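File shown: final29.cif (mmCIF, C-alpha atoms).
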data_start
loop_
_atom_site.label_atom_id
_atom_site.label_comp_id
_atom_site.auth_asym_id
_atom_site.auth_seq_id
_atom_site.Cartn_x
_atom_site.Cartn_y
_atom_site.Cartn_z
CA MET A 1 23.05 -4.73 -17.06
CA ALA A 2 24.67 -2.92 -14.17
CA THR A 3 21.95 -2.07 -11.70
CA SER A 4 21.99 -2.12 -7.96
CA ARG A 5 19.24 -4.54 -7.04
CA GLU A 6 19.67 -4.20 -3.32
CA CYS A 7 17.94 -0.83 -3.31
CA TYR A 8 14.80 -2.45 -4.68
CA SER A 9 12.36 -2.92 -1.83
CA ASP A 10 11.61 -6.36 -0.47
CA TYR A 11 14.15 -7.91 -2.79
CA ARG A 12 16.03 -9.76 -0.10
CA LEU A 13 12.71 -10.86 1.31
CA PHE A 14 11.57 -12.00 -2.12
CA GLN A 15 14.67 -14.09 -2.62
CA PHE A 16 14.17 -15.59 0.79
CA ILE A 17 10.58 -16.56 0.06
CA TYR A 18 11.67 -18.45 -2.98
CA ALA A 19 14.56 -20.05 -1.18
CA ARG A 20 12.17 -21.19 1.52
CA GLY A 21 9.54 -22.26 -0.98
CA ASN A 22 11.75 -24.41 -3.16
CA THR A 23 14.23 -26.08 -0.86
CA PRO A 24 13.61 -28.12 2.28
CA VAL A 25 13.81 -25.79 5.22
CA ILE A 26 15.01 -27.09 8.54
CA ILE A 27 12.36 -26.48 11.13
CA PRO A 28 13.52 -27.24 14.63
CA ARG A 29 11.10 -28.84 17.04
CA TYR A 30 11.87 -26.86 20.10
CA GLY A 31 12.85 -29.03 22.99
CA SER A 32 12.59 -32.29 21.10
CA GLY A 33 16.36 -32.50 20.81
CA GLU A 34 16.38 -33.02 17.08
CA LEU A 35 15.74 -31.12 13.91
CA GLU A 36 13.32 -32.26 11.26
CA THR A 37 13.45 -31.32 7.61
CA GLU A 38 10.21 -30.61 5.80
CA ALA A 39 10.48 -34.06 4.27
CA GLY A 40 10.29 -35.46 7.77
CA THR A 41 13.67 -37.16 8.05
CA PRO A 42 15.19 -36.50 11.46
CA LYS A 43 18.66 -35.04 11.50
CA PRO A 44 21.09 -34.90 14.37
CA PHE A 45 20.65 -31.91 16.59
CA GLU A 46 22.92 -29.06 15.68
CA PRO A 47 23.26 -26.79 18.69
CA LEU A 48 21.94 -23.29 18.02
CA GLU A 49 22.78 -20.32 20.17
CA PRO A 50 20.10 -20.78 22.80
CA MET A 51 20.31 -17.22 24.13
CA THR A 52 19.38 -15.71 20.79
CA LEU A 53 16.45 -18.02 20.13
CA ASP A 54 13.05 -17.10 21.42
CA PRO A 55 11.02 -20.31 21.91
CA PHE A 56 7.74 -18.54 21.15
CA LEU A 57 9.01 -17.08 17.87
CA LEU A 58 10.52 -20.44 16.93
CA TRP A 59 7.21 -22.15 17.58
CA LEU A 60 5.30 -19.47 15.65
CA GLU A 61 7.60 -19.78 12.65
CA SER A 62 7.11 -23.54 12.64
CA THR A 63 3.28 -23.40 12.57
CA PRO A 64 1.65 -24.44 9.28
CA LEU A 65 0.03 -21.00 8.90
CA SER A 66 3.37 -19.20 9.16
CA GLN A 67 4.92 -21.71 6.78
CA TRP A 68 2.12 -21.21 4.28
CA ILE A 69 2.24 -17.39 4.42
CA VAL A 70 5.97 -17.27 3.82
CA GLY A 71 6.62 -20.40 1.81
CA SER A 72 3.61 -20.88 -0.46
CA ASP A 73 3.95 -20.15 -4.15
CA SER A 74 0.32 -18.96 -4.14
CA MET A 75 -0.21 -15.30 -4.92
CA PHE A 76 -2.85 -15.32 -2.15
CA ALA A 77 -0.18 -16.05 0.45
CA PHE A 78 2.46 -13.39 1.18
CA PRO A 79 1.91 -11.24 -1.97
CA GLY A 80 -1.90 -11.25 -1.60
CA ILE A 81 -1.78 -10.39 2.10
CA LEU A 82 0.62 -7.49 1.34
CA THR A 83 -1.79 -6.25 -1.32
CA PHE A 84 -4.76 -6.28 1.07
CA HIS A 85 -2.54 -4.41 3.54
CA ALA A 86 -1.96 -1.67 0.94
CA ILE A 87 -5.66 -1.42 0.00
CA GLY A 88 -6.70 -1.24 3.66
CA MET A 89 -4.09 1.47 4.21
CA GLY A 90 -5.51 3.47 1.30
CA PHE A 91 -8.99 3.50 2.84
CA ALA A 92 -8.03 3.82 6.52
CA VAL A 93 -5.43 6.56 6.11
CA GLY A 94 -7.14 8.11 3.09
CA ILE A 95 -10.47 8.70 4.84
CA ASN A 96 -8.65 9.81 8.01
CA ALA A 97 -6.70 12.34 5.95
CA ALA A 98 -9.88 13.53 4.20
CA ILE A 99 -11.56 14.15 7.56
CA ASP A 100 -8.47 16.04 8.75
CA LEU A 101 -8.39 18.09 5.56
CA ARG A 102 -12.09 18.90 5.99
CA ILE A 103 -11.40 20.13 9.53
CA LEU A 104 -8.56 22.27 8.16
CA GLY A 105 -10.92 23.96 5.72
CA VAL A 106 -10.95 21.86 2.55
CA ALA A 107 -14.40 21.38 0.95
CA PRO A 108 -16.21 23.82 3.26
CA GLY A 109 -19.54 22.94 1.65
CA VAL A 110 -19.50 19.50 3.27
CA PRO A 111 -20.96 19.68 6.81
CA LEU A 112 -18.48 18.14 9.24
CA VAL A 113 -21.21 15.92 10.69
CA ASP A 114 -21.76 14.31 7.30
CA MET A 115 -18.14 13.16 7.09
CA ARG A 116 -19.41 10.55 9.54
CA ARG A 117 -20.99 8.64 6.64
CA PHE A 118 -17.52 7.73 5.39
CA VAL A 119 -16.29 6.46 8.76
CA PRO A 120 -17.43 2.83 8.17
CA VAL A 121 -15.05 2.76 5.17
CA LEU A 122 -12.25 3.92 7.47
CA TRP A 123 -13.03 1.13 9.94
CA PHE A 124 -13.23 -1.37 7.08
CA GLY A 125 -9.71 -0.35 6.05
CA PHE A 126 -8.51 -0.43 9.64
CA TRP A 127 -9.77 -3.96 10.35
CA LEU A 128 -8.59 -5.21 6.96
CA ASN A 129 -5.13 -3.96 7.93
CA ALA A 130 -5.32 -5.32 11.45
CA ALA A 131 -6.13 -8.77 10.03
CA SER A 132 -3.59 -8.69 7.20
CA GLY A 133 -1.02 -7.17 9.56
CA VAL A 134 -1.45 -10.03 12.04
CA LEU A 135 -1.01 -12.54 9.19
CA LEU A 136 2.18 -10.79 8.05
CA LEU A 137 3.38 -10.83 11.66
CA ILE A 138 2.68 -14.58 11.90
CA GLY A 139 4.70 -15.01 8.70
CA TYR A 140 7.73 -13.06 9.89
CA PRO A 141 7.48 -12.59 13.67
CA THR A 142 11.23 -12.28 14.23
CA LYS A 143 11.68 -9.79 11.42
CA ALA A 144 9.07 -7.45 12.89
CA LEU A 145 9.49 -7.95 16.61
CA THR A 146 13.27 -7.49 16.63
CA ASN A 147 12.99 -4.18 14.76
CA PRO A 148 12.40 -1.02 16.85
CA VAL A 149 10.88 0.69 13.79
CA PHE A 150 8.00 -1.83 13.95
CA TYR A 151 7.09 -0.64 17.46
CA LEU A 152 7.33 2.96 16.27
CA LYS A 153 4.88 2.12 13.48
CA LEU A 154 2.44 0.46 15.91
CA ALA A 155 2.69 3.42 18.31
CA LEU A 156 2.02 5.94 15.54
CA ILE A 157 -1.01 3.92 14.35
CA ALA A 158 -2.31 3.74 17.94
CA ILE A 159 -1.92 7.51 18.38
CA GLY A 160 -3.52 8.10 14.97
CA MET A 161 -6.57 6.00 15.85
CA LEU A 162 -6.88 7.56 19.34
CA LEU A 163 -6.79 11.00 17.71
CA PHE A 164 -9.46 9.84 15.26
CA VAL A 165 -11.72 8.74 18.13
CA LYS A 166 -11.07 12.01 19.95
CA ILE A 167 -11.77 14.10 16.84
CA SER A 168 -14.92 12.03 16.12
CA ARG A 169 -16.30 12.79 19.57
CA ARG A 170 -15.90 16.50 18.93
CA ILE A 171 -17.18 16.80 15.38
CA PHE A 172 -19.77 14.04 14.98
CA ARG A 173 -22.23 15.30 17.57
CA ASP A 174 -25.47 15.84 15.72
CA GLY A 175 -27.82 18.71 16.38
CA ASP A 176 -25.76 21.28 18.26
CA ALA A 177 -23.69 24.06 16.81
CA GLN A 178 -20.88 21.63 16.16
CA SER A 179 -19.46 23.28 13.08
CA ILE A 180 -18.55 26.41 15.03
CA ALA A 181 -17.13 24.57 18.04
CA ALA A 182 -15.37 21.94 15.94
CA SER A 183 -13.55 24.20 13.55
CA GLY A 184 -11.87 25.97 16.46
CA PRO A 185 -8.13 25.78 17.10
CA PRO A 186 -8.12 22.67 19.37
CA VAL A 187 -9.67 20.39 16.75
CA ARG A 188 -7.55 21.89 14.00
CA ARG A 189 -4.48 21.14 16.05
CA LEU A 190 -5.61 17.54 16.51
CA ALA A 191 -6.15 17.26 12.75
CA ILE A 192 -2.61 18.44 12.04
CA ILE A 193 -1.13 16.01 14.59
CA SER A 194 -3.24 13.24 13.03
CA LEU A 195 -1.85 13.97 9.54
CA VAL A 196 1.71 13.96 10.93
CA CYS A 197 1.06 10.63 12.71
CA TRP A 198 -0.23 8.92 9.57
CA THR A 199 2.66 10.25 7.52
CA GLY A 200 5.01 8.86 10.15
CA ALA A 201 3.21 5.51 10.36
CA ILE A 202 3.41 5.02 6.58
CA THR A 203 7.07 6.02 6.46
CA ALA A 204 7.90 3.72 9.37
CA GLY A 205 5.97 0.90 7.70
CA ARG A 206 7.87 1.35 4.45
CA LEU A 207 11.20 1.49 6.24
CA LEU A 208 10.51 -1.94 7.79
CA ALA A 209 11.74 -3.51 4.55
CA TYR A 210 15.09 -1.75 4.99
CA THR A 211 15.76 -1.69 8.71
CA TYR A 212 15.27 -5.27 9.91
CA THR A 213 18.31 -7.06 11.23
CA ARG A 214 16.94 -10.58 11.57
CA LEU A 215 14.51 -12.29 9.24
CA THR A 216 13.74 -15.47 11.14
CA GLN A 217 15.06 -17.29 14.17
CA LEU A 218 17.37 -19.33 11.96
CA HIS A 219 18.51 -16.57 9.63
CA MET B 1 6.21 -3.67 -29.06
CA HIS B 2 9.31 -5.63 -28.05
CA ALA B 3 11.56 -3.22 -29.95
CA ILE B 4 9.92 -0.22 -28.25
CA GLN B 5 10.37 -1.80 -24.81
CA ILE B 6 14.03 -2.61 -25.43
CA TRP B 7 14.67 0.86 -26.83
CA LEU B 8 12.94 2.47 -23.81
CA VAL B 9 15.03 0.51 -21.33
CA ARG B 10 18.28 1.28 -23.16
CA THR B 11 17.48 4.96 -23.56
CA ILE B 12 16.54 5.36 -19.90
CA ILE B 13 19.67 3.54 -18.72
CA ALA B 14 21.82 5.73 -20.97
CA HIS B 15 20.27 9.06 -19.99
CA SER B 16 18.60 8.58 -16.60
CA PRO B 17 18.90 11.83 -14.66
CA VAL B 18 17.89 10.39 -11.29
CA ALA B 19 19.58 6.99 -11.09
CA THR B 20 22.59 8.25 -9.14
CA LEU B 21 20.40 10.06 -6.64
CA MET B 22 18.04 7.09 -6.28
CA ARG B 23 20.90 4.71 -5.51
CA THR B 24 21.95 6.68 -2.47
CA HIS B 25 21.17 5.01 0.81
CA TRP B 26 17.77 6.48 1.68
CA ALA B 27 16.47 7.94 -1.59
CA TRP B 28 14.61 4.81 -2.67
CA PRO B 29 12.83 4.21 0.67
CA ILE B 30 11.89 7.91 0.90
CA ALA B 31 10.45 7.87 -2.63
CA GLU B 32 8.51 4.72 -1.68
CA SER B 33 7.09 6.39 1.41
CA LEU B 34 5.96 9.35 -0.71
CA HIS B 35 4.41 6.89 -3.17
CA PHE B 36 2.36 5.33 -0.35
CA LEU B 37 1.32 8.75 0.99
CA GLY B 38 0.18 9.77 -2.48
CA LEU B 39 -1.76 6.50 -2.70
CA CYS B 40 -3.63 7.34 0.49
CA LEU B 41 -4.50 10.86 -0.70
CA LEU B 42 -5.70 9.51 -4.05
CA ILE B 43 -7.76 6.63 -2.62
CA GLY B 44 -9.09 8.76 0.25
CA CYS B 45 -10.25 11.71 -1.84
CA VAL B 46 -11.22 10.06 -5.13
CA GLY B 47 -12.65 7.01 -3.35
CA MET B 48 -14.75 9.28 -1.14
CA PHE B 49 -16.13 11.12 -4.17
CA ASP B 50 -16.94 7.78 -5.84
CA LEU B 51 -18.77 6.66 -2.70
CA ARG B 52 -20.72 9.92 -2.68
CA LEU B 53 -21.80 9.27 -6.28
CA LEU B 54 -22.91 5.81 -5.15
CA GLY B 55 -25.13 7.35 -2.48
CA VAL B 56 -23.03 7.58 0.70
CA ALA B 57 -23.66 10.89 2.59
CA LYS B 58 -26.56 11.56 0.25
CA ARG B 59 -27.68 14.84 1.81
CA VAL B 60 -24.36 16.53 0.93
CA PRO B 61 -24.34 18.18 -2.53
CA ILE B 62 -22.08 16.22 -4.90
CA ALA B 63 -20.35 19.46 -5.94
CA ALA B 64 -19.32 20.07 -2.30
CA VAL B 65 -17.65 16.64 -2.02
CA HIS B 66 -15.98 17.28 -5.39
CA ARG B 67 -13.83 19.93 -3.67
CA PHE B 68 -11.74 17.04 -2.31
CA ILE B 69 -10.74 15.99 -5.84
CA PRO B 70 -7.81 18.46 -6.20
CA TRP B 71 -6.22 16.75 -3.17
CA GLY B 72 -6.69 13.38 -4.84
CA LEU B 73 -5.00 14.84 -7.92
CA LEU B 74 -2.16 16.08 -5.69
CA GLY B 75 -1.74 12.49 -4.48
CA PHE B 76 -1.75 11.31 -8.08
CA ALA B 77 0.89 13.92 -9.02
CA ILE B 78 3.10 12.82 -6.08
CA ASN B 79 2.79 9.25 -7.30
CA ILE B 80 3.59 10.08 -10.92
CA CYS B 81 6.76 11.88 -9.77
CA SER B 82 7.90 9.22 -7.30
CA GLY B 83 6.87 6.46 -9.73
CA LEU B 84 8.96 8.01 -12.49
CA MET B 85 11.92 8.07 -10.10
CA PHE B 86 11.66 4.27 -9.75
CA LEU B 87 11.12 3.76 -13.45
CA LEU B 88 14.05 5.97 -14.43
CA THR B 89 16.35 4.12 -12.04
CA GLU B 90 15.50 0.47 -12.74
CA PRO B 91 13.68 0.62 -16.12
CA ASP B 92 14.08 -3.08 -16.97
CA GLN B 93 12.41 -4.08 -13.69
CA TYR B 94 9.23 -2.26 -14.75
CA ILE B 95 9.11 -2.21 -18.53
CA TYR B 96 9.43 -6.01 -18.73
CA ASN B 97 7.25 -6.65 -15.67
CA PRO B 98 3.74 -8.05 -16.43
CA SER B 99 2.47 -6.62 -13.15
CA PHE B 100 3.58 -3.16 -14.29
CA HIS B 101 1.77 -3.66 -17.62
CA PHE B 102 -1.44 -4.36 -15.70
CA LYS B 103 -0.82 -1.39 -13.44
CA LEU B 104 -0.54 0.90 -16.49
CA LEU B 105 -3.65 -0.69 -17.99
CA PHE B 106 -5.68 0.02 -14.83
CA MET B 107 -4.27 3.58 -14.68
CA THR B 108 -5.41 4.13 -18.28
CA ILE B 109 -8.87 2.77 -17.46
CA GLY B 110 -9.04 5.04 -14.40
CA GLY B 111 -7.97 8.06 -16.45
CA LEU B 112 -10.34 7.45 -19.36
CA ASN B 113 -13.13 6.72 -16.89
CA ALA B 114 -12.57 10.06 -15.13
CA ALA B 115 -12.49 11.84 -18.50
CA THR B 116 -15.80 10.16 -19.39
CA PHE B 117 -17.29 11.42 -16.13
CA TYR B 118 -16.39 15.04 -16.85
CA LEU B 119 -17.57 14.77 -20.46
CA THR B 120 -20.92 13.14 -19.72
CA SER B 121 -22.06 13.96 -16.19
CA TYR B 122 -20.35 17.19 -15.20
CA ARG B 123 -23.04 19.66 -16.24
CA ARG B 124 -25.89 17.59 -14.88
CA ILE B 125 -24.31 17.00 -11.48
CA PHE B 126 -22.77 20.42 -10.93
CA SER B 127 -25.67 22.66 -11.98
CA THR B 128 -27.16 24.67 -9.13
CA ASN B 129 -30.45 22.75 -9.13
CA ALA B 130 -28.80 19.32 -9.45
CA SER B 131 -30.44 16.33 -7.82
CA LEU B 132 -28.75 14.90 -4.71
CA ASP B 133 -28.94 11.48 -6.34
CA ALA B 134 -26.32 10.87 -9.03
CA PRO B 135 -27.58 9.53 -12.39
CA VAL B 136 -27.07 5.82 -13.08
CA HIS B 137 -24.23 6.31 -15.55
CA ALA B 138 -22.32 8.36 -12.97
CA LYS B 139 -22.75 5.49 -10.51
CA VAL B 140 -21.37 3.04 -13.06
CA ILE B 141 -18.39 5.38 -13.53
CA ALA B 142 -17.89 5.47 -9.75
CA VAL B 143 -17.78 1.67 -9.53
CA ILE B 144 -15.31 1.48 -12.45
CA SER B 145 -13.18 4.16 -10.77
CA LEU B 146 -13.02 2.29 -7.44
CA CYS B 147 -12.16 -0.99 -9.19
CA ALA B 148 -9.55 0.63 -11.47
CA TRP B 149 -7.65 2.32 -8.62
CA MET B 150 -7.71 -0.87 -6.57
CA GLY B 151 -6.38 -2.64 -9.65
CA VAL B 152 -3.56 -0.10 -9.76
CA ILE B 153 -2.70 -0.88 -6.11
CA VAL B 154 -2.75 -4.63 -6.79
CA GLY B 155 -0.52 -4.20 -9.85
CA GLY B 156 1.88 -2.01 -7.91
CA ARG B 157 2.09 -4.21 -4.85
CA LEU B 158 2.68 -7.36 -6.90
CA LEU B 159 5.53 -5.80 -8.95
CA THR B 160 8.16 -7.38 -6.70
CA PHE B 161 6.74 -10.85 -7.24
CA TYR B 162 6.76 -10.68 -11.03
CA ARG B 163 10.29 -9.42 -11.53
CA PRO B 164 11.38 -10.28 -15.06
CA GLY B 165 14.11 -12.87 -15.46
CA GLU B 166 16.42 -13.36 -18.40
CA CYS B 167 14.67 -14.32 -21.66
CA ILE B 168 15.02 -17.95 -22.71
CA GLY B 169 14.20 -18.77 -26.34
CA ALA B 170 11.96 -16.84 -28.73
CA GLN B 171 9.37 -14.48 -27.24
CA THR B 172 5.98 -14.52 -28.93
CA ALA B 173 3.80 -12.58 -26.49
CA LEU B 174 2.61 -9.07 -27.36
CA LEU B 175 4.75 -7.55 -24.60
CA LEU B 176 8.15 -8.73 -23.43
CA THR B 177 7.97 -10.05 -19.89
CA CYS B 178 11.64 -10.98 -19.57
CA ALA B 179 14.90 -9.12 -19.92
CA PRO B 180 16.59 -9.84 -23.28
#
This entry written out as structure tokens:
Amino acid sequence: MATSRECYSDYRLFQFIYARGNTPVIIPRYGSGELETEAGTPKPFEPLEPMTLDPFLLWLESTPLSQWIVGSDSMFAFPGILTFHAIGMGFAVGINAAIDLRILGVAPGVPLVDMRRFVPVLWFGFWLNAASGVLLLIGYPTKALTNPVFYLKLALIAIGMLLFVKISRRIFRDGDAQSIAASGPPVRRLAIISLVCWTGAITAGRLLAYTYTRLTQLH
Amino acid sequence: MHAIQIWLVRTIIAHSPVATLMRTHWAWPIAESLHFLGLCLLIGCVGMFDLRLLGVAKRVPIAAVHRFIPWGLLGFAINICSGLMFLLTEPDQYIYNPSFHFKLLFMTIGGLNAATFYLTSYRRIFSTNASLDAPVHAKVIAVISLCAWMGVIVGGRLLTFYRPGECIGAQTALLLTCAP
């Protein structure tokens, strides 16, 4: 069947996981002067290009946690963490977007102050994604940290969350005539910027699978 | 079922209107980004309504929160369109994929569950003198809805890890999970 598999997301990554899971992977002990296979038999040191190797990333990739995330056959390793990352995104960005839409005039019967009740769900999603994101980063530190798009994603998330805090301060003040003050142009503008930021963050996140240039220190 | 699956894959490959477009450099990633945006709209709006049925933000009338649902449906529509783009480009990667079968199963549960809600609870919840507390069966529906849509996300995210290989030997399962 003639199909172009390379356009399928994460395919290269997927192949790599299985390659790393099924065959002994050479993990260098940085500074020890020799390489060790997973089986533990020392092999003569093969000089790597020292300028391109970051000792911290090398060390991180050799930790058992990183090895487990990337190399384990368990669905709770890399696939499971990715899944939690998608669920957390749904709640964090979804509730953020709903609050923005409410500010922009959707569901006018819901008092803005009461949108506050859904904020814990947003934070749940955010922290779920912070945790799963850190695990994914431990799995593939080189892949993420050598890709400028990853920093763009982090920046957009940071701006999105700062905007959320800023919007919260304006609209979640109980008691006063908040609905009049909050639905004014400044908050509406913030809501629009917030929606743009989250759209950008998701797009940047998705593009990570296509824009990386290096997967690990040794690849 | 095997014959239907094989026929579907062959027909799509023979007549796919979007495959050429989707194999251009950025079409697939863009469709994926849209798919994730739709996911957020769907989970944000429908999930919020489910939480309201379960008693979050109890002083807000349920009908008022329901006004978010059209935006959840917009997210769903975006995902049906972008999802079809994937399916019509690489049909064998989905139609033989067990993860995709589960994704469709959870989508069906979510759809039937929503239909049940409108058939059984609509009048009671949306009448002008409706109680602020949703009836028990509406709460059960809300829990099923949340679980079903999360199941859809799990099925979708795990697609890559259950890519069908070539079939070896006779296949006895109800659905084909390998490419013949």
Subject >> Test item: the PyMOL selection byres ((chain A) within 9 of (chain B)) resolved as a PyMOL selection string >> reply: chain A and resi 3-5+7-11+14+75+79-80+82-84+86-87+89-98+101-102+106-111+114-118+198-199+202-207+209-210
Original post:
What gap, in Å, lies between CA of Tyr212 (chain A) and CA of Phe150 (chain A)?
Top reply: 9.0 Å
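Computed from the coordinates, the CA of Glu166 (chain B) to CA of Ser82 (chain B) distance equals 26.6 Å.
With CA of Gly71 (chain A) on one side and CA of Gln217 (chain A) on the other, the separation reads 15.3 Å.
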Original post:
Hey, which of B:Ser127, B:Gly110, B:Pro17, B:Leu53 ends up closest to Phe76 (chain B)? Count only C-alpha atoms.
Top reply: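 Among the listed residues, the smallest separation from Phe76 (chain B) belongs to B:Gly110.
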Original post:
Skipping near chain neighbours, those fewer than 2 positions away, what residues fall within 10 Å of region 116-124 of chain B using only C-alpha atoms, listed as a list in words?
Top reply: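 Using only C-alpha atoms, the neighbours found are Ala63, Gly110, Gly111, Leu112, Asn113, Ala114, Phe126, Ser127, Thr128, Asn129, Ala130, Ser131, Ala134, Pro135, His137, Ala138, Lys139, Val140, Ile141, Ala142 and Ser145 of chain B.
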Can you turn the PyMOL selection byres ((chain A and resi 125) around 6) into a concrete residue list for this file, as a compact mmCIF listing (two decimals) with C-alpha atoms, in the coordinates of the input?
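Output below, filename part.txt:
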# COMPACT_ATOMS: atom_id res chain seq x y z
CA GLY A 88 -6.70 -1.24 3.66
CA PHE A 91 -8.99 3.50 2.84
CA ALA A 92 -8.03 3.82 6.52
CA LEU A 122 -12.25 3.92 7.47
CA TRP A 123 -13.03 1.13 9.94
CA PHE A 124 -13.23 -1.37 7.08
CA PHE A 126 -8.51 -0.43 9.64
CA TRP A 127 -9.77 -3.96 10.35
CA LEU A 128 -8.59 -5.21 6.96
Original post:
Quick one: of B:Cys178, B:Gly169, B:Ile95, B:Phe49, who's nearest to Ile4 (chain B), counting all atoms listed in the file?
Top reply: B:Ile95
